[in-house]
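Q: PDB, C-alpha atoms, pLDDT in the B column, file upload-v6.pdb:
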```
ATOM      1  CA  TRP A   1     -86.319 168.455 -84.347  1.00 43.00           C
ATOM      2  CA  LEU A   2     -88.033 166.744 -81.423  1.00 48.00           C
ATOM      3  CA  ALA A   3     -90.688 169.455 -81.520  1.00 54.00           C
ATOM      4  CA  GLY A   4     -91.562 168.492 -85.094  1.00 58.00           C
ATOM      5  CA  ILE A   5     -89.697 171.362 -86.700  1.00 63.00           C
ATOM      6  CA  ALA A   6     -86.400 170.559 -88.395  1.00 63.00           C
ATOM      7  CA  ALA A   7     -83.721 173.198 -87.914  1.00 67.00           C
ATOM      8  CA  PRO A   8     -82.125 174.312 -91.194  1.00 68.00           C
ATOM      9  CA  ALA A   9     -78.454 173.598 -91.751  1.00 67.00           C
ATOM     10  CA  THR A  10     -76.255 176.588 -90.963  1.00 70.00           C
ATOM     11  CA  GLY A  11     -72.637 177.574 -91.475  1.00 71.00           C
ATOM     12  CA  ALA A  12     -70.672 175.537 -94.001  1.00 65.00           C
ATOM     13  CA  ALA A  13     -73.616 173.150 -94.478  1.00 71.00           C
ATOM     14  CA  ALA A  14     -76.178 175.847 -95.406  1.00 88.00           C
ATOM     15  CA  THR A  15     -77.732 174.930 -98.750  1.00 92.00           C
ATOM     16  CA  THR A  16     -80.450 176.352-100.985  1.00 93.00           C
ATOM     17  CA  ALA A  17     -82.068 174.445-103.847  1.00 94.00           C
ATOM     18  CA  MET A  18     -84.540 175.725-106.422  1.00 95.00           C
ATOM     19  CA  ILE A  19     -86.394 173.849-109.169  1.00 96.00           C
ATOM     20  CA  GLN A  20     -86.941 175.950-112.276  1.00 95.00           C
ATOM     21  CA  PRO A  21     -87.865 175.564-115.960  1.00 94.00           C
ATOM     22  CA  GLY A  22     -84.841 174.837-118.151  1.00 92.00           C
ATOM     23  CA  THR A  23     -83.606 176.913-121.047  1.00 89.00           C
ATOM     24  CA  GLU A  24     -85.008 174.458-123.597  1.00 89.00           C
ATOM     25  CA  SER A  25     -88.759 173.885-123.831  1.00 87.00           C
ATOM     26  CA  GLY A  26     -89.965 171.029-121.644  1.00 87.00           C
ATOM     27  CA  THR A  27     -86.759 170.763-119.597  1.00 92.00           C
ATOM     28  CA  TRP A  28     -86.251 171.412-115.893  1.00 96.00           C
ATOM     29  CA  GLN A  29     -83.259 172.390-113.781  1.00 96.00           C
ATOM     30  CA  VAL A  30     -82.132 172.398-110.167  1.00 96.00           C
ATOM     31  CA  TYR A  31     -80.144 175.421-109.037  1.00 96.00           C
ATOM     32  CA  LEU A  32     -78.000 174.759-105.950  1.00 96.00           C
ATOM     33  CA  GLN A  33     -76.305 177.367-103.771  1.00 95.00           C
ATOM     34  CA  CYS A  34     -74.000 176.030-101.054  1.00 94.00           C
ATOM     35  CA  ALA A  35     -72.183 177.914 -98.311  1.00 91.00           C
ATOM     36  CA  ALA A  36     -68.461 177.154 -97.948  1.00 87.00           C
ATOM     37  CA  THR A  37     -65.208 178.964 -97.369  1.00 74.00           C
ATOM     38  CA  PRO A  38     -62.527 179.000-100.065  1.00 67.00           C
ATOM     39  CA  GLU A  39     -60.040 177.468 -97.620  1.00 65.00           C
ATOM     40  CA  GLU A  40     -62.159 174.353 -97.148  1.00 65.00           C
ATOM     41  CA  LEU A  41     -60.790 171.698 -99.471  1.00 62.00           C
ATOM     42  CA  GLN A  42     -62.678 168.849 -97.872  1.00 69.00           C
ATOM     43  CA  GLU A  43     -65.272 166.695 -99.535  1.00 81.00           C
ATOM     44  CA  ASP A  44     -68.303 168.802-100.440  1.00 90.00           C
ATOM     45  CA  ARG A  45     -71.120 167.367-102.510  1.00 93.00           C
ATOM     46  CA  VAL A  46     -74.873 167.442-102.986  1.00 95.00           C
ATOM     47  CA  ASN A  47     -76.763 164.260-103.843  1.00 96.00           C
ATOM     48  CA  VAL A  48     -80.050 164.969-105.620  1.00 97.00           C
ATOM     49  CA  TRP A  49     -82.340 161.941-105.330  1.00 97.00           C
ATOM     50  CA  PHE A  50     -85.285 161.479-107.724  1.00 97.00           C
ATOM     51  CA  GLY A  51     -88.084 158.906-107.637  1.00 95.00           C
ATOM     52  CA  THR A  52     -89.676 157.065-104.763  1.00 94.00           C
ATOM     53  CA  TYR A  53     -87.992 156.544-101.427  1.00 93.00           C
ATOM     54  CA  THR A  54     -85.926 153.305-101.354  1.00 91.00           C
ATOM     55  CA  ASP A  55     -86.378 152.909-105.132  1.00 92.00           C
ATOM     56  CA  PRO A  56     -84.781 155.977-106.740  1.00 93.00           C
ATOM     57  CA  SER A  57     -85.019 156.306-110.509  1.00 94.00           C
ATOM     58  CA  VAL A  58     -82.158 158.826-110.776  1.00 96.00           C
ATOM     59  CA  LEU A  59     -79.361 160.019-108.475  1.00 96.00           C
ATOM     60  CA  ILE A  60     -77.203 162.996-109.392  1.00 96.00           C
ATOM     61  CA  THR A  61     -74.078 163.632-107.327  1.00 96.00           C
ATOM     62  CA  VAL A  62     -72.759 167.192-107.715  1.00 96.00           C
ATOM     63  CA  ASN A  63     -69.168 167.512-106.462  1.00 93.00           C
ATOM     64  CA  ARG A  64     -67.734 170.913-105.632  1.00 89.00           C
ATOM     65  CA  MET A  65     -64.201 170.056-106.781  1.00 84.00           C
ATOM     66  CA  GLY A  66     -64.506 166.831-108.750  1.00 82.00           C
ATOM     67  CA  PRO A  67     -66.529 165.206-111.477  1.00 90.00           C
ATOM     68  CA  SER A  68     -70.288 164.995-111.032  1.00 94.00           C
ATOM     69  CA  THR A  69     -72.076 161.734-111.769  1.00 95.00           C
ATOM     70  CA  LEU A  70     -75.444 160.575-113.052  1.00 95.00           C
ATOM     71  CA  HIS A  71     -76.903 157.269-111.881  1.00 94.00           C
ATOM     72  CA  VAL A  72     -80.030 156.121-113.751  1.00 94.00           C
ATOM     73  CA  GLN A  73     -81.716 152.979-112.477  1.00 91.00           C
ATOM     74  CA  GLY A  74     -80.601 149.941-114.502  1.00 90.00           C
ATOM     75  CA  GLN A  75     -77.717 151.745-116.227  1.00 92.00           C
ATOM     76  CA  PRO A  76     -74.044 152.185-115.360  1.00 92.00           C
ATOM     77  CA  ALA A  77     -73.077 155.479-113.702  1.00 94.00           C
ATOM     78  CA  ARG A  78     -71.571 158.108-115.963  1.00 94.00           C
ATOM     79  CA  GLU A  79     -69.933 161.491-115.628  1.00 94.00           C
ATOM     80  CA  LEU A  80     -72.316 164.437-115.913  1.00 92.00           C
ATOM     81  CA  ALA A  81     -71.506 167.941-117.136  1.00 90.00           C
ATOM     82  CA  VAL A  82     -72.630 170.410-114.466  1.00 92.00           C
ATOM     83  CA  GLN A  83     -72.128 174.178-114.420  1.00 89.00           C
ATOM     84  CA  ILE A  84     -70.372 174.940-111.117  1.00 91.00           C
ATOM     85  CA  GLY A  85     -69.606 178.479-110.045  1.00 91.00           C
ATOM     86  CA  SER A  86     -67.630 179.988-107.178  1.00 88.00           C
ATOM     87  CA  MET A  87     -68.875 182.761-104.914  1.00 85.00           C
ATOM     88  CA  ASP A  88     -67.263 184.694-102.056  1.00 82.00           C
ATOM     89  CA  ARG A  89     -68.810 182.429 -99.441  1.00 85.00           C
ATOM     90  CA  GLY A  90     -69.578 179.255-101.332  1.00 90.00           C
ATOM     91  CA  TRP A  91     -70.394 177.657-104.636  1.00 92.00           C
ATOM     92  CA  SER A  92     -73.350 177.106-106.916  1.00 94.00           C
ATOM     93  CA  ALA A  93     -74.386 174.543-109.509  1.00 95.00           C
ATOM     94  CA  LEU A  94     -76.963 174.356-112.269  1.00 95.00           C
ATOM     95  CA  VAL A  95     -78.111 170.827-113.053  1.00 94.00           C
ATOM     96  CA  THR A  96     -80.474 169.736-115.824  1.00 94.00           C
ATOM     97  CA  ILE A  97     -83.016 167.237-114.510  1.00 95.00           C
ATOM     98  CA  PRO A  98     -83.019 164.091-116.681  1.00 94.00           C
ATOM     99  CA  ALA A  99     -86.356 163.222-118.297  1.00 93.00           C
ATOM    100  CA  ASP A 100     -86.140 159.805-116.556  1.00 91.00           C
ATOM    101  CA  ALA A 101     -86.604 161.602-113.228  1.00 95.00           C
ATOM    102  CA  ILE A 102     -90.029 163.016-114.126  1.00 95.00           C
ATOM    103  CA  GLU A 103     -93.006 160.678-113.860  1.00 95.00           C
ATOM    104  CA  GLY A 104     -95.576 160.357-116.671  1.00 93.00           C
ATOM    105  CA  ASP A 105     -98.072 162.623-114.896  1.00 95.00           C
ATOM    106  CA  ALA A 106     -95.402 165.377-114.553  1.00 95.00           C
ATOM    107  CA  THR A 107     -94.722 164.583-110.886  1.00 96.00           C
ATOM    108  CA  LEU A 108     -91.161 165.133-109.722  1.00 97.00           C
ATOM    109  CA  ARG A 109     -90.217 163.363-106.487  1.00 97.00           C
ATOM    110  CA  VAL A 110     -87.007 164.888-105.145  1.00 97.00           C
ATOM    111  CA  GLY A 111     -84.853 164.888-102.014  1.00 97.00           C
ATOM    112  CA  PHE A 112     -81.516 166.560-101.280  1.00 97.00           C
ATOM    113  CA  GLU A 113     -78.520 165.402 -99.253  1.00 96.00           C
ATOM    114  CA  ARG A 114     -75.494 167.639 -98.582  1.00 93.00           C
ATOM    115  CA  VAL A 115     -72.230 166.076 -97.431  1.00 91.00           C
ATOM    116  CA  VAL A 116     -69.482 168.407 -96.161  1.00 87.00           C
ATOM    117  CA  GLY A 117     -66.563 166.443 -94.769  1.00 83.00           C
ATOM    118  CA  ALA A 118     -68.052 164.134 -92.143  1.00 83.00           C
ATOM    119  CA  GLU A 119     -71.273 166.181 -91.748  1.00 85.00           C
ATOM    120  CA  ARG A 120     -74.492 165.325 -93.563  1.00 88.00           C
ATOM    121  CA  SER A 121     -77.747 167.277 -93.850  1.00 90.00           C
ATOM    122  CA  SER A 122     -80.876 166.610 -95.881  1.00 93.00           C
ATOM    123  CA  TRP A 123     -84.208 167.960 -97.068  1.00 92.00           C
ATOM    124  CA  PRO A 124     -87.236 167.641 -96.941  1.00 93.00           C
ATOM    125  CA  ARG A 125     -86.558 166.110 -93.510  1.00 90.00           C
ATOM    126  CA  PRO A 126     -83.541 165.066 -91.450  1.00 90.00           C
ATOM    127  CA  MET A 127     -82.022 161.632 -91.968  1.00 91.00           C
ATOM    128  CA  LEU A 128     -81.386 159.178 -89.152  1.00 90.00           C
ATOM    129  CA  PRO A 129     -77.912 157.691 -88.628  1.00 88.00           C
ATOM    130  CA  GLY A 130     -77.471 154.798 -91.040  1.00 89.00           C
ATOM    131  CA  GLN A 131     -80.277 155.984 -93.327  1.00 93.00           C
ATOM    132  CA  ALA A 132     -79.049 155.599 -96.914  1.00 93.00           C
ATOM    133  CA  GLU A 133     -81.124 158.287 -98.630  1.00 95.00           C
ATOM    134  CA  PRO A 134     -83.366 161.266 -97.827  1.00 96.00           C
ATOM    135  CA  GLY A 135     -87.143 161.394 -97.983  1.00 95.00           C
ATOM    136  CA  ARG A 136     -88.818 162.985-101.000  1.00 96.00           C
ATOM    137  CA  ILE A 137     -91.258 165.759-101.720  1.00 96.00           C
ATOM    138  CA  ALA A 138     -93.606 165.493-104.711  1.00 96.00           C
ATOM    139  CA  VAL A 139     -93.773 168.507-107.035  1.00 95.00           C
ATOM    140  CA  ASP A 140     -96.510 168.684-109.692  1.00 95.00           C
ATOM    141  CA  LEU A 141     -94.687 170.293-112.614  1.00 95.00           C
ATOM    142  CA  SER A 142     -97.911 170.482-114.670  1.00 93.00           C
ATOM    143  CA  THR A 143     -99.158 173.291-112.411  1.00 91.00           C
ATOM    144  CA  TRP A 144     -96.019 175.400-112.855  1.00 84.00           C
ATOM    145  CA  GLY A 145     -96.988 178.992-113.491  1.00 74.00           C
ATOM    146  CA  SER A 146    -100.611 178.547-112.378  1.00 61.00           C
ATOM    147  CA  LEU A 147     -99.896 180.276-109.069  1.00 52.00           C
ATOM    148  CA  ALA A 148     -99.142 183.500-110.930  1.00 49.00           C
ATOM    149  CA  GLY A 149    -102.460 183.349-112.781  1.00 49.00           C
ATOM    150  CA  ASP A 150    -100.928 182.265-116.106  1.00 47.00           C
TER     151      ASP A 150
END
```
Once more with this new file: its structure as structure tokens, please.
A:
Amino acid sequence: WLAGIAAPATGAAATTAMIQPGTESGTWQVYLQCAATPEELQEDRVNVWFGTYTDPSVLITVNRMGPSTLHVQGQPARELAVQIGSMDRGWSALVTIPADAIEGDATLRVGFERVVGAERSSWPRPMLPGQAEPGRIAVDLSTWGSLAGD
């Protein structure tokens, strides 16, 4: 990390996230794939942060073995239905991105934080000790499909 290149999380903390169009027109989803062993019954969750850094509009907490929650700025937290699947070496989740998370110009600002037991990893960049939330990357959803020449 000191060389300017963040090392990806490995082992039980290895995580993949993909943004994709949803099944209904105009909706978007995040697909998560998380490494874990079936024997691990410790805390395992992914926090998906939307909006600007230090002023998130939406936070979705996806729990491997418990209820997932949706936090929208200015509203009380509520339970969120998330499709969670088990795999030989981990688990996956499919989360619908709330419309409140997407800005008016179709920009999606998103950051990911994985917590496995006492270990924490994040993307798009590492978090410092005591840092409350990850940085964000801006994705222009209005250009989706343009890379393929559509």
Q: Would you pick out the contacts of segment 70-81 of chain A at 7 Å or less, using all atoms listed in the file, so that residues sharing its chain but fewer than 5 positions from it are not included, and give the list as a PyMOL selection string?
A: chain A and resi 57-61
Q: Please report the interatomic distance between atom CA of Asp88 of chain A and atom CA of Ala36 of chain A in Å with one decimal.
A: 8.7 Å
Q: Can you list, as JSON, numbers by chain, every protein, DNA or RNA residue that comes within 12 Å of segment 134-141 of chain A when you count only C-alpha atoms, leaving out same-chain residues fewer than 2 positions away?
A: {"A": [18, 19, 20, 21, 26, 27, 28, 29, 46, 47, 48, 49, 50, 51, 52, 53, 54, 55, 56, 59, 101, 102, 103, 104, 105, 106, 107, 108, 109, 110, 111, 112, 113, 114, 120, 121, 122, 123, 124, 125, 126, 127, 128, 129, 130, 131, 132, 143, 144, 145, 146, 147]}
Q: To one decimal in Å, tell me the separation between atom CA of Ser92 of chain A and atom CA of Tyr31 of chain A.
A: 7.3 Å
Q: So how far away is atom CA of Thr69 of chain A from atom CA of Gly117 of chain A, in Å?
A: 18.5 Å
Q: Which residue, A:Arg89, A:Leu94, A:Ser68, A:Asn63, has the smallest gap to Ala17 of chain A when you use all atoms listed in the file?
A: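 Ranked by minimum distance to Ala17 of chain A, first place goes to A:Leu94.
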Q: Using the chain letters and numbers from this file, what does the PyMOL selection byres ((chain A and resi 93) around 8) select? Give the answer as a VMD selection string.
A: chain A and resid 31 to 33 62 82 to 85 91 to 92 94 to 95
Q: Select, from A:Ser86, A:Glu24, A:Thr15, A:Gly66, the residue with the minimum atom-to-atom distance to Thr37 of chain A, counting only C-alpha atoms.
A: A:Ser86
Q: For Gly11 of chain A, which of A:Ala35, A:Val30, A:Pro67, A:Val115 is the closest residue, counting only C-alpha atoms?
A: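 Among the listed residues, the smallest separation from Gly11 of chain A belongs to A:Ala35.
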